[in-house]
Amino acid sequence: MSLIARTLLLFALLGAAFAQARASVANAPGANLEVSLITYGPGETYWERFGHDAIQLRDTVSGESVDFNYGVFDFDESGFLLNFARGRMHYLMDAAYTAQDQRYYIESGRSVARQPLALTPDQAAALRDFLLWNLRPENARYDYDYYADNCTTRVRDALDRALGGVIRKQLQSRAGLMTYRQQTARLMSAQPWLMLILDLGLGPYADQPLTAWQESFLPMVLERELAAVKVDDGAGGTRKLAGDSTLVSPNRLDVPPEHAPDLRMPLAIAGLAFAVLLILAARRWPTGLALLGTLYLVAAGIVGLLLLVLWTLTTHRSAWANANLLLFNPLAFVLLPSLWRARRGLAASRLADRVILLQLIALAVALGLHAWPGTVQQNQPWLLFAIPCWLALSWSLRRGLRRLR
């Protein structure tokens, strides 16, 4: 059975259970509804590294408790992988009884925390009605964006809707603690290669200063920020929206670091080491220079093509206008013949001279953009890696060209 079919069946079963029960989440008055935010810690699989959350509604009379979440995707959907690559991912809302919903997270060792929220009876009823409406098959699907419209922002927005915009108003007035890039690197640091690929592919969108509202795209940030939200107490004063979080199940997995790793030094060392190898090979081992240079140029060309595709042919806006295109671009392929001609003692074309000059200009532009006031893309690590590599490769090629002329 496909995931969509299971979701629809679940909806039908919940509807039947709600209809048969004398008192249930579906028909309980707002005064009988307890509302909580459920926050799940990061998992081991890469798509679980950002964590997850849900809205829990509990009927205090019947004891029935249901968790609503927005984190379901269907691998069996027609064209899923193509849509994923193009940035047109479709996610679904889902609901399950609390014990059933939390069992997987508990068994997999992920932390589960429950944070009670002090909604008025009218607000709790309005939230319940909206969630049940949203759970209908015709309303459950949405277009997913990993930063701006995901399983946590949907939970946040549903709560904000029920509270009349109080959460958004207060969180937008506070600055976030990290950028999208920093949060991504921090949470993906357990998979270093994937972290590096994501960092390379993120453009200036990922480095914009965030408000607490924007940064609450992460479950644990939303949990933290809701703890500071104040709501009307009905007597002319204010009270805290969220109570203290209760740990339902402890974390048994490695905890992500509190801060993003600094990639500048590792990539700078890697760039310098590769540059030294290129220079030594140019002096003593022409075949080695051709092999090492080919490795770099092919990688730079492929990366450039991918960055260009992400910018022009997909809706992954966090990858648009990526300044790393100045460091790694398809023009690198043009220099490949020069490496192998030089190895065989053949003169290279004038095109190689022009491409080398163009690439050095691109490096200067990349440095200038990074230093220009107001430019937000934080690609220092890749500048530190690419500049010594390109300088060494350019010197090696120009040295070979001079020797041949």
# chains A, B, ... in the order shown; residues from 1 in each chain; ligands from 1
>>> select_by_dssp(residues="region 162-342 of chain A", states="helix (DSSP H, G or I)", output="compact mmCIF listing (two decimals) with N, CA and C atoms, in the first residue's frame")
# COMPACT_ATOMS: atom_id res chain seq x y z
N ALA A 162 -4.08 30.09 15.20
CA ALA A 162 -5.03 29.94 16.30
C ALA A 162 -4.89 31.05 17.33
N VAL A 166 0.01 36.22 17.28
CA VAL A 166 0.85 36.63 18.40
C VAL A 166 2.28 36.10 18.26
N ILE A 167 2.41 34.85 17.83
CA ILE A 167 3.74 34.25 17.74
C ILE A 167 4.58 34.97 16.69
N ARG A 168 4.01 35.17 15.52
CA ARG A 168 4.74 35.83 14.44
C ARG A 168 5.18 37.23 14.85
N LYS A 169 4.29 37.98 15.46
CA LYS A 169 4.59 39.36 15.85
C LYS A 169 5.78 39.40 16.80
N GLN A 170 5.82 38.51 17.77
CA GLN A 170 6.89 38.55 18.76
C GLN A 170 8.20 37.97 18.22
N LEU A 171 8.11 36.91 17.44
CA LEU A 171 9.34 36.30 16.94
C LEU A 171 9.99 37.13 15.84
N GLN A 172 9.20 37.85 15.07
CA GLN A 172 9.79 38.69 14.03
C GLN A 172 10.53 39.89 14.61
N TYR A 180 20.75 30.20 8.00
CA TYR A 180 20.41 28.90 7.44
C TYR A 180 21.66 28.06 7.21
N ARG A 181 22.71 28.70 6.69
CA ARG A 181 23.95 27.96 6.42
C ARG A 181 24.54 27.40 7.72
N GLN A 182 24.60 28.21 8.75
CA GLN A 182 25.20 27.76 10.00
C GLN A 182 24.41 26.62 10.63
N GLN A 183 23.10 26.74 10.61
CA GLN A 183 22.28 25.67 11.17
C GLN A 183 22.43 24.38 10.36
N THR A 184 22.50 24.53 9.04
CA THR A 184 22.66 23.35 8.19
C THR A 184 23.98 22.66 8.45
N ALA A 185 25.08 23.43 8.50
CA ALA A 185 26.39 22.85 8.76
C ALA A 185 26.45 22.21 10.14
N ARG A 186 25.85 22.85 11.11
CA ARG A 186 25.85 22.33 12.47
C ARG A 186 25.15 20.97 12.54
N LEU A 187 23.98 20.89 11.93
CA LEU A 187 23.18 19.67 12.04
C LEU A 187 23.67 18.56 11.12
N MET A 188 24.35 18.92 10.02
CA MET A 188 24.84 17.90 9.10
C MET A 188 26.30 17.53 9.36
N PRO A 192 30.22 14.57 7.21
CA PRO A 192 31.08 15.66 6.71
C PRO A 192 31.02 15.89 5.21
N TRP A 193 31.01 14.81 4.41
CA TRP A 193 30.98 15.00 2.96
C TRP A 193 29.68 15.65 2.51
N LEU A 194 28.57 15.21 3.10
CA LEU A 194 27.29 15.81 2.75
C LEU A 194 27.23 17.26 3.22
N MET A 195 27.80 17.53 4.39
CA MET A 195 27.85 18.90 4.89
C MET A 195 28.62 19.80 3.93
N LEU A 196 29.77 19.32 3.42
CA LEU A 196 30.57 20.10 2.48
C LEU A 196 29.82 20.35 1.17
N ILE A 197 29.14 19.32 0.67
CA ILE A 197 28.38 19.47 -0.57
C ILE A 197 27.28 20.51 -0.41
N LEU A 198 26.57 20.44 0.71
CA LEU A 198 25.49 21.40 0.96
C LEU A 198 26.04 22.81 1.11
N ASP A 199 27.16 22.94 1.82
CA ASP A 199 27.74 24.27 2.00
C ASP A 199 28.20 24.85 0.67
N LEU A 200 28.77 24.01 -0.19
CA LEU A 200 29.21 24.46 -1.50
C LEU A 200 28.03 24.91 -2.36
N GLY A 201 26.89 24.23 -2.21
CA GLY A 201 25.74 24.52 -3.05
C GLY A 201 24.86 25.65 -2.56
N PRO A 204 23.72 33.02 -1.47
CA PRO A 204 23.56 34.11 -0.49
C PRO A 204 22.28 34.04 0.32
N TYR A 205 21.26 33.39 -0.22
CA TYR A 205 20.00 33.25 0.53
C TYR A 205 20.24 32.60 1.89
N ALA A 206 21.18 31.66 1.94
CA ALA A 206 21.43 30.91 3.18
C ALA A 206 22.20 31.71 4.21
N ASP A 207 22.70 32.89 3.84
CA ASP A 207 23.51 33.69 4.76
C ASP A 207 22.81 34.97 5.23
N ALA A 212 13.96 35.47 14.64
CA ALA A 212 13.62 34.25 15.38
C ALA A 212 12.48 33.51 14.70
N TRP A 213 11.59 34.25 14.03
CA TRP A 213 10.50 33.63 13.28
C TRP A 213 11.04 32.76 12.15
N GLN A 214 11.99 33.28 11.39
CA GLN A 214 12.57 32.51 10.29
C GLN A 214 13.40 31.34 10.80
N GLU A 215 14.16 31.58 11.86
CA GLU A 215 15.02 30.51 12.36
C GLU A 215 14.22 29.38 13.00
N PRO A 219 12.76 22.45 14.57
CA PRO A 219 11.93 22.09 15.72
C PRO A 219 12.46 22.56 17.06
N MET A 220 13.76 22.38 17.30
CA MET A 220 14.31 22.75 18.61
C MET A 220 14.38 24.26 18.80
N VAL A 221 14.52 25.00 17.70
CA VAL A 221 14.48 26.46 17.79
C VAL A 221 13.06 26.92 18.09
N LEU A 222 12.07 26.31 17.44
CA LEU A 222 10.68 26.66 17.72
C LEU A 222 10.34 26.39 19.18
N GLU A 223 10.78 25.26 19.69
CA GLU A 223 10.56 24.93 21.10
C GLU A 223 11.17 26.00 22.00
N ARG A 224 12.38 26.42 21.69
CA ARG A 224 13.06 27.44 22.49
C ARG A 224 12.36 28.78 22.40
N GLU A 225 11.97 29.18 21.20
CA GLU A 225 11.37 30.49 21.01
C GLU A 225 9.97 30.58 21.60
N LEU A 226 9.20 29.49 21.55
CA LEU A 226 7.86 29.52 22.13
C LEU A 226 7.91 29.72 23.65
N ARG A 264 36.91 27.05 7.40
CA ARG A 264 37.95 27.83 6.74
C ARG A 264 39.32 27.19 6.81
N MET A 265 39.76 26.82 7.99
CA MET A 265 41.10 26.26 8.13
C MET A 265 41.24 24.92 7.42
N PRO A 266 40.32 23.96 7.59
CA PRO A 266 40.47 22.68 6.88
C PRO A 266 40.53 22.84 5.36
N LEU A 267 39.66 23.69 4.80
CA LEU A 267 39.66 23.85 3.35
C LEU A 267 40.87 24.66 2.88
N ALA A 268 41.32 25.60 3.67
CA ALA A 268 42.53 26.35 3.32
C ALA A 268 43.74 25.41 3.27
N ILE A 269 43.85 24.53 4.25
CA ILE A 269 44.97 23.57 4.27
C ILE A 269 44.88 22.63 3.08
N ALA A 270 43.65 22.16 2.78
CA ALA A 270 43.47 21.26 1.64
C ALA A 270 43.85 21.95 0.34
N GLY A 271 43.45 23.22 0.19
CA GLY A 271 43.78 23.97 -1.02
C GLY A 271 45.27 24.19 -1.18
N LEU A 272 45.93 24.56 -0.09
CA LEU A 272 47.38 24.77 -0.15
C LEU A 272 48.12 23.47 -0.44
N ALA A 273 47.66 22.37 0.18
CA ALA A 273 48.33 21.09 -0.04
C ALA A 273 48.20 20.66 -1.51
N PHE A 274 47.02 20.85 -2.07
CA PHE A 274 46.83 20.47 -3.47
C PHE A 274 47.65 21.38 -4.39
N ALA A 275 47.74 22.65 -4.04
CA ALA A 275 48.53 23.60 -4.85
C ALA A 275 50.00 23.21 -4.83
N VAL A 276 50.51 22.81 -3.68
CA VAL A 276 51.91 22.38 -3.58
C VAL A 276 52.15 21.15 -4.45
N LEU A 277 51.22 20.21 -4.44
CA LEU A 277 51.35 19.02 -5.27
C LEU A 277 51.40 19.38 -6.75
N LEU A 278 50.55 20.34 -7.14
CA LEU A 278 50.55 20.77 -8.54
C LEU A 278 51.89 21.38 -8.94
N ILE A 279 52.43 22.22 -8.08
CA ILE A 279 53.71 22.88 -8.39
C ILE A 279 54.85 21.88 -8.46
N LEU A 280 54.89 20.94 -7.50
CA LEU A 280 55.94 19.92 -7.51
C LEU A 280 55.83 19.04 -8.76
N ALA A 281 54.58 18.70 -9.12
CA ALA A 281 54.38 17.86 -10.30
C ALA A 281 54.79 18.62 -11.57
N ALA A 282 54.51 19.92 -11.61
CA ALA A 282 54.88 20.71 -12.78
C ALA A 282 56.40 20.74 -12.97
N ARG A 283 57.15 20.69 -11.88
CA ARG A 283 58.61 20.75 -11.96
C ARG A 283 59.24 19.39 -12.28
N ARG A 284 58.63 18.32 -11.77
CA ARG A 284 59.33 17.04 -11.82
C ARG A 284 58.55 15.90 -12.47
N PRO A 286 55.54 15.67 -15.24
CA PRO A 286 54.52 16.21 -16.14
C PRO A 286 53.25 15.36 -16.19
N THR A 287 53.45 14.04 -16.17
CA THR A 287 52.25 13.18 -16.17
C THR A 287 51.43 13.37 -14.90
N GLY A 288 52.12 13.53 -13.78
CA GLY A 288 51.41 13.78 -12.52
C GLY A 288 50.64 15.08 -12.55
N LEU A 289 51.26 16.10 -13.17
CA LEU A 289 50.54 17.38 -13.30
C LEU A 289 49.28 17.20 -14.13
N ALA A 290 49.39 16.43 -15.22
CA ALA A 290 48.22 16.21 -16.07
C ALA A 290 47.13 15.47 -15.30
N LEU A 291 47.52 14.49 -14.52
CA LEU A 291 46.53 13.72 -13.76
C LEU A 291 45.88 14.56 -12.67
N LEU A 292 46.72 15.24 -11.87
CA LEU A 292 46.18 16.07 -10.80
C LEU A 292 45.36 17.22 -11.35
N GLY A 293 45.87 17.86 -12.40
CA GLY A 293 45.12 18.96 -13.00
C GLY A 293 43.81 18.52 -13.58
N THR A 294 43.79 17.33 -14.21
CA THR A 294 42.55 16.80 -14.76
C THR A 294 41.53 16.55 -13.65
N LEU A 295 42.01 15.98 -12.54
CA LEU A 295 41.12 15.74 -11.40
C LEU A 295 40.46 17.04 -10.94
N TYR A 296 41.27 18.08 -10.82
CA TYR A 296 40.72 19.36 -10.34
C TYR A 296 39.79 19.99 -11.37
N LEU A 297 40.21 20.02 -12.61
CA LEU A 297 39.42 20.70 -13.64
C LEU A 297 38.10 19.99 -13.90
N VAL A 298 38.11 18.68 -13.90
CA VAL A 298 36.86 17.94 -14.10
C VAL A 298 35.92 18.19 -12.93
N ALA A 299 36.47 18.14 -11.71
CA ALA A 299 35.63 18.40 -10.53
C ALA A 299 35.07 19.82 -10.57
N ALA A 300 35.93 20.80 -10.92
CA ALA A 300 35.47 22.19 -10.98
C ALA A 300 34.41 22.38 -12.05
N GLY A 301 34.58 21.73 -13.19
CA GLY A 301 33.61 21.85 -14.26
C GLY A 301 32.27 21.23 -13.90
N ILE A 302 32.31 20.05 -13.28
CA ILE A 302 31.06 19.38 -12.89
C ILE A 302 30.33 20.18 -11.82
N VAL A 303 31.09 20.65 -10.82
CA VAL A 303 30.48 21.48 -9.78
C VAL A 303 29.85 22.73 -10.40
N GLY A 304 30.57 23.36 -11.32
CA GLY A 304 30.03 24.54 -11.96
C GLY A 304 28.75 24.27 -12.72
N LEU A 305 28.71 23.14 -13.44
CA LEU A 305 27.48 22.78 -14.16
C LEU A 305 26.31 22.57 -13.21
N LEU A 306 26.59 21.87 -12.10
CA LEU A 306 25.52 21.63 -11.13
C LEU A 306 25.03 22.93 -10.50
N LEU A 307 25.95 23.81 -10.15
CA LEU A 307 25.54 25.10 -9.57
C LEU A 307 24.72 25.91 -10.57
N LEU A 308 25.11 25.84 -11.83
CA LEU A 308 24.38 26.57 -12.87
C LEU A 308 22.98 25.99 -13.06
N VAL A 309 22.87 24.67 -13.03
CA VAL A 309 21.56 24.03 -13.16
C VAL A 309 20.67 24.38 -11.97
N LEU A 310 21.23 24.33 -10.77
CA LEU A 310 20.45 24.68 -9.57
C LEU A 310 19.91 26.10 -9.65
N TRP A 311 20.70 26.99 -10.21
CA TRP A 311 20.30 28.40 -10.30
C TRP A 311 19.24 28.63 -11.38
N THR A 312 19.42 27.99 -12.53
CA THR A 312 18.60 28.34 -13.69
C THR A 312 17.43 27.39 -13.95
N LEU A 313 17.53 26.14 -13.48
CA LEU A 313 16.52 25.14 -13.85
C LEU A 313 15.76 24.55 -12.68
N ARG A 317 15.80 27.98 -4.31
CA ARG A 317 16.25 29.37 -4.25
C ARG A 317 17.45 29.57 -3.33
N SER A 318 17.66 28.68 -2.39
CA SER A 318 18.83 28.81 -1.52
C SER A 318 20.12 28.56 -2.29
N ALA A 319 20.02 28.04 -3.53
CA ALA A 319 21.21 27.79 -4.34
C ALA A 319 21.37 28.82 -5.46
N ALA A 323 27.93 32.56 -5.60
CA ALA A 323 29.22 33.13 -5.99
C ALA A 323 30.29 32.08 -6.20
N ASN A 324 30.05 30.86 -5.75
CA ASN A 324 31.03 29.79 -5.99
C ASN A 324 31.14 29.44 -7.47
N LEU A 325 30.19 29.91 -8.28
CA LEU A 325 30.30 29.74 -9.72
C LEU A 325 31.53 30.46 -10.29
N LEU A 326 31.99 31.48 -9.61
CA LEU A 326 33.21 32.17 -10.04
C LEU A 326 34.46 31.35 -9.73
N PRO A 330 32.07 25.70 -15.67
CA PRO A 330 32.31 24.81 -16.82
C PRO A 330 33.49 25.21 -17.70
N LEU A 331 33.98 26.45 -17.62
CA LEU A 331 35.15 26.85 -18.41
C LEU A 331 36.37 26.00 -18.07
N ALA A 332 36.35 25.36 -16.91
CA ALA A 332 37.48 24.51 -16.51
C ALA A 332 37.72 23.40 -17.53
N PHE A 333 36.66 22.92 -18.17
CA PHE A 333 36.82 21.84 -19.14
C PHE A 333 37.71 22.27 -20.33
N VAL A 334 37.68 23.57 -20.64
CA VAL A 334 38.43 24.07 -21.79
C VAL A 334 39.93 23.89 -21.60
N LEU A 335 40.38 23.89 -20.35
CA LEU A 335 41.82 23.79 -20.07
C LEU A 335 42.35 22.37 -20.10
N LEU A 336 41.48 21.37 -20.17
CA LEU A 336 41.95 19.99 -20.13
C LEU A 336 42.92 19.65 -21.27
N PRO A 337 42.62 20.04 -22.50
CA PRO A 337 43.59 19.70 -23.57
C PRO A 337 44.97 20.28 -23.33
N SER A 338 45.03 21.47 -22.71
CA SER A 338 46.32 22.10 -22.47
C SER A 338 47.21 21.25 -21.58
N LEU A 339 46.63 20.63 -20.58
CA LEU A 339 47.41 19.79 -19.67
C LEU A 339 48.08 18.64 -20.42
N TRP A 340 47.32 17.98 -21.27
CA TRP A 340 47.84 16.80 -21.93
C TRP A 340 48.73 17.16 -23.12
N ARG A 341 48.46 18.29 -23.77
CA ARG A 341 49.38 18.73 -24.82
C ARG A 341 50.74 19.10 -24.25
N ALA A 342 50.72 19.79 -23.12
CA ALA A 342 51.98 20.17 -22.48
C ALA A 342 52.77 18.93 -22.08
>>> select_by_dssp(residues="region 80-326 of chain A", states="strand (DSSP E or B)", output="PyMOL selection string")
chain A and resi 89-97+112-117+141-145+149+175+211+230-232+238-240+242+246-249
>>> closest_residue(among="A:Asp122, A:Glu258, A:Asp160, A:Asp53", to="Asp101 (chain A)", atoms="only C-alpha atoms")
A:Asp53
>>> residues_around(residues="region 243-251 of chain A", least_positions_apart="3", cutoff="9 Å", atoms="only C-alpha atoms", output="list in words")
Leu37, Gly41, Tyr105, Ile106, Gly109, Arg110, Ser111, Val112, Ala113, Arg114, Gln115, Pro116, Leu117, Ala118, Glu223, Ala227, Lys240, Asp254 and Val255 of chain A
>>> closest_residue(among="A:Arg239, A:Ser108, A:Asn139, A:Gln102", to="Thr45 (chain A)", atoms="only C-alpha atoms")
A:Ser108
>>> closest_residue(among="A:His259, A:Arg354, A:Trp285, A:Tyr147", to="Ser396 (chain A)", atoms="only C-alpha atoms")
A:Trp285
>>> atom_distance(atom1="CA of Trp390 (chain A)", atom2="CA of Ile361 (chain A)")
11.3 Å
>>> atom_distance(atom1="CA of Val376 (chain A)", atom2="CA of Gln208 (chain A)")
6.2 Å
>>> atom_distance(atom1="CA of Val35 (chain A)", atom2="CA of Leu135 (chain A)")
17.1 Å
>>> closest_residue(among="A:Glu34, A:Asp94, A:Glu44, A:Glu107", to="Ser65 (chain A)", atoms="only C-alpha atoms")
A:Glu34
>>> residues_around(residues="Pro121 (chain A)", least_positions_apart="4", cutoff="12 Å", atoms="only C-alpha atoms", output="MDAnalysis selection string")
chainID A and resid 28:35 59 117 125:128 162:163
>>> residues_around(residues="Arg141 (chain A)", least_positions_apart="3", cutoff="8 Å", atoms="only C-alpha atoms", output="list of chain:residue names")
A:His90, A:Tyr91, A:Leu92, A:Met93, A:Pro137, A:Glu138
>>> decode(residues="region 149-160 of chain A", atoms="all heavy atoms", output="short mmCIF file (atom, residue, chain, number, x, y, z; two decimals), in the first residue's frame")
data_model
loop_
_atom_site.label_atom_id
_atom_site.label_comp_id
_atom_site.auth_asym_id
_atom_site.auth_seq_id
_atom_site.Cartn_x
_atom_site.Cartn_y
_atom_site.Cartn_z
N ASP A 149 9.14 26.46 4.22
CA ASP A 149 7.83 25.81 4.31
C ASP A 149 8.04 24.33 4.55
O ASP A 149 8.01 23.52 3.63
CB ASP A 149 7.03 26.06 3.03
CG ASP A 149 5.54 25.77 3.20
OD1 ASP A 149 5.15 25.31 4.28
OD2 ASP A 149 4.78 26.01 2.24
N ASN A 150 8.26 23.96 5.79
CA ASN A 150 8.54 22.57 6.11
C ASN A 150 7.64 22.08 7.24
O ASN A 150 6.70 22.76 7.64
CB ASN A 150 10.03 22.39 6.44
CG ASN A 150 10.44 23.16 7.69
OD1 ASN A 150 9.63 23.57 8.51
ND2 ASN A 150 11.75 23.36 7.84
N CYS A 151 7.97 20.94 7.79
CA CYS A 151 7.10 20.34 8.82
C CYS A 151 7.04 21.20 10.07
O CYS A 151 6.03 21.16 10.80
CB CYS A 151 7.58 18.94 9.15
SG CYS A 151 9.30 18.84 9.70
N THR A 152 8.07 21.97 10.35
CA THR A 152 8.06 22.82 11.55
C THR A 152 7.39 24.16 11.30
O THR A 152 6.63 24.65 12.15
CB THR A 152 9.50 23.04 12.05
OG1 THR A 152 10.09 21.77 12.33
CG2 THR A 152 9.52 23.89 13.31
N THR A 153 7.64 24.78 10.15
CA THR A 153 6.99 26.06 9.87
C THR A 153 5.48 25.88 9.76
O THR A 153 4.72 26.79 10.11
CB THR A 153 7.53 26.70 8.58
OG1 THR A 153 7.21 25.88 7.45
CG2 THR A 153 9.03 26.90 8.66
N ARG A 154 5.04 24.72 9.29
CA ARG A 154 3.59 24.45 9.21
C ARG A 154 2.98 24.33 10.60
O ARG A 154 1.88 24.82 10.85
CB ARG A 154 3.34 23.18 8.40
CG ARG A 154 3.60 23.34 6.92
CD ARG A 154 2.35 23.76 6.19
NE ARG A 154 2.61 24.27 4.86
CZ ARG A 154 1.68 24.43 3.92
NH1 ARG A 154 0.43 24.11 4.19
NH2 ARG A 154 1.99 24.93 2.75
N VAL A 155 3.70 23.66 11.51
CA VAL A 155 3.25 23.59 12.91
C VAL A 155 3.23 24.99 13.53
O VAL A 155 2.25 25.39 14.17
CB VAL A 155 4.18 22.65 13.71
CG1 VAL A 155 3.97 22.83 15.21
CG2 VAL A 155 3.92 21.20 13.31
N ARG A 156 4.30 25.73 13.32
CA ARG A 156 4.40 27.11 13.83
C ARG A 156 3.25 27.97 13.31
O ARG A 156 2.59 28.70 14.08
CB ARG A 156 5.73 27.69 13.40
CG ARG A 156 5.99 29.15 13.78
CD ARG A 156 7.06 29.75 12.88
NE ARG A 156 6.62 29.85 11.49
CZ ARG A 156 7.42 30.15 10.48
NH1 ARG A 156 8.71 30.34 10.68
NH2 ARG A 156 6.92 30.22 9.25
N ASP A 157 2.98 27.87 12.01
CA ASP A 157 1.95 28.71 11.40
C ASP A 157 0.55 28.32 11.88
O ASP A 157 -0.32 29.19 12.03
CB ASP A 157 2.01 28.60 9.87
CG ASP A 157 3.29 29.21 9.31
OD1 ASP A 157 4.03 29.86 10.08
OD2 ASP A 157 3.56 29.03 8.11
N ALA A 158 0.32 27.03 12.11
CA ALA A 158 -0.98 26.60 12.62
C ALA A 158 -1.23 27.15 14.02
O ALA A 158 -2.33 27.62 14.34
CB ALA A 158 -1.07 25.07 12.62
N LEU A 159 -0.20 27.11 14.87
CA LEU A 159 -0.32 27.66 16.21
C LEU A 159 -0.51 29.17 16.15
O LEU A 159 -1.35 29.74 16.88
CB LEU A 159 0.92 27.31 17.04
CG LEU A 159 1.12 25.83 17.36
CD1 LEU A 159 2.48 25.60 18.01
CD2 LEU A 159 0.01 25.32 18.28
N ASP A 160 0.25 29.83 15.30
CA ASP A 160 0.14 31.28 15.16
C ASP A 160 -1.24 31.68 14.67
O ASP A 160 -1.81 32.68 15.12
CB ASP A 160 1.21 31.78 14.19
CG ASP A 160 1.25 33.29 14.08
OD1 ASP A 160 1.48 33.96 15.11
OD2 ASP A 160 1.04 33.81 12.96
#
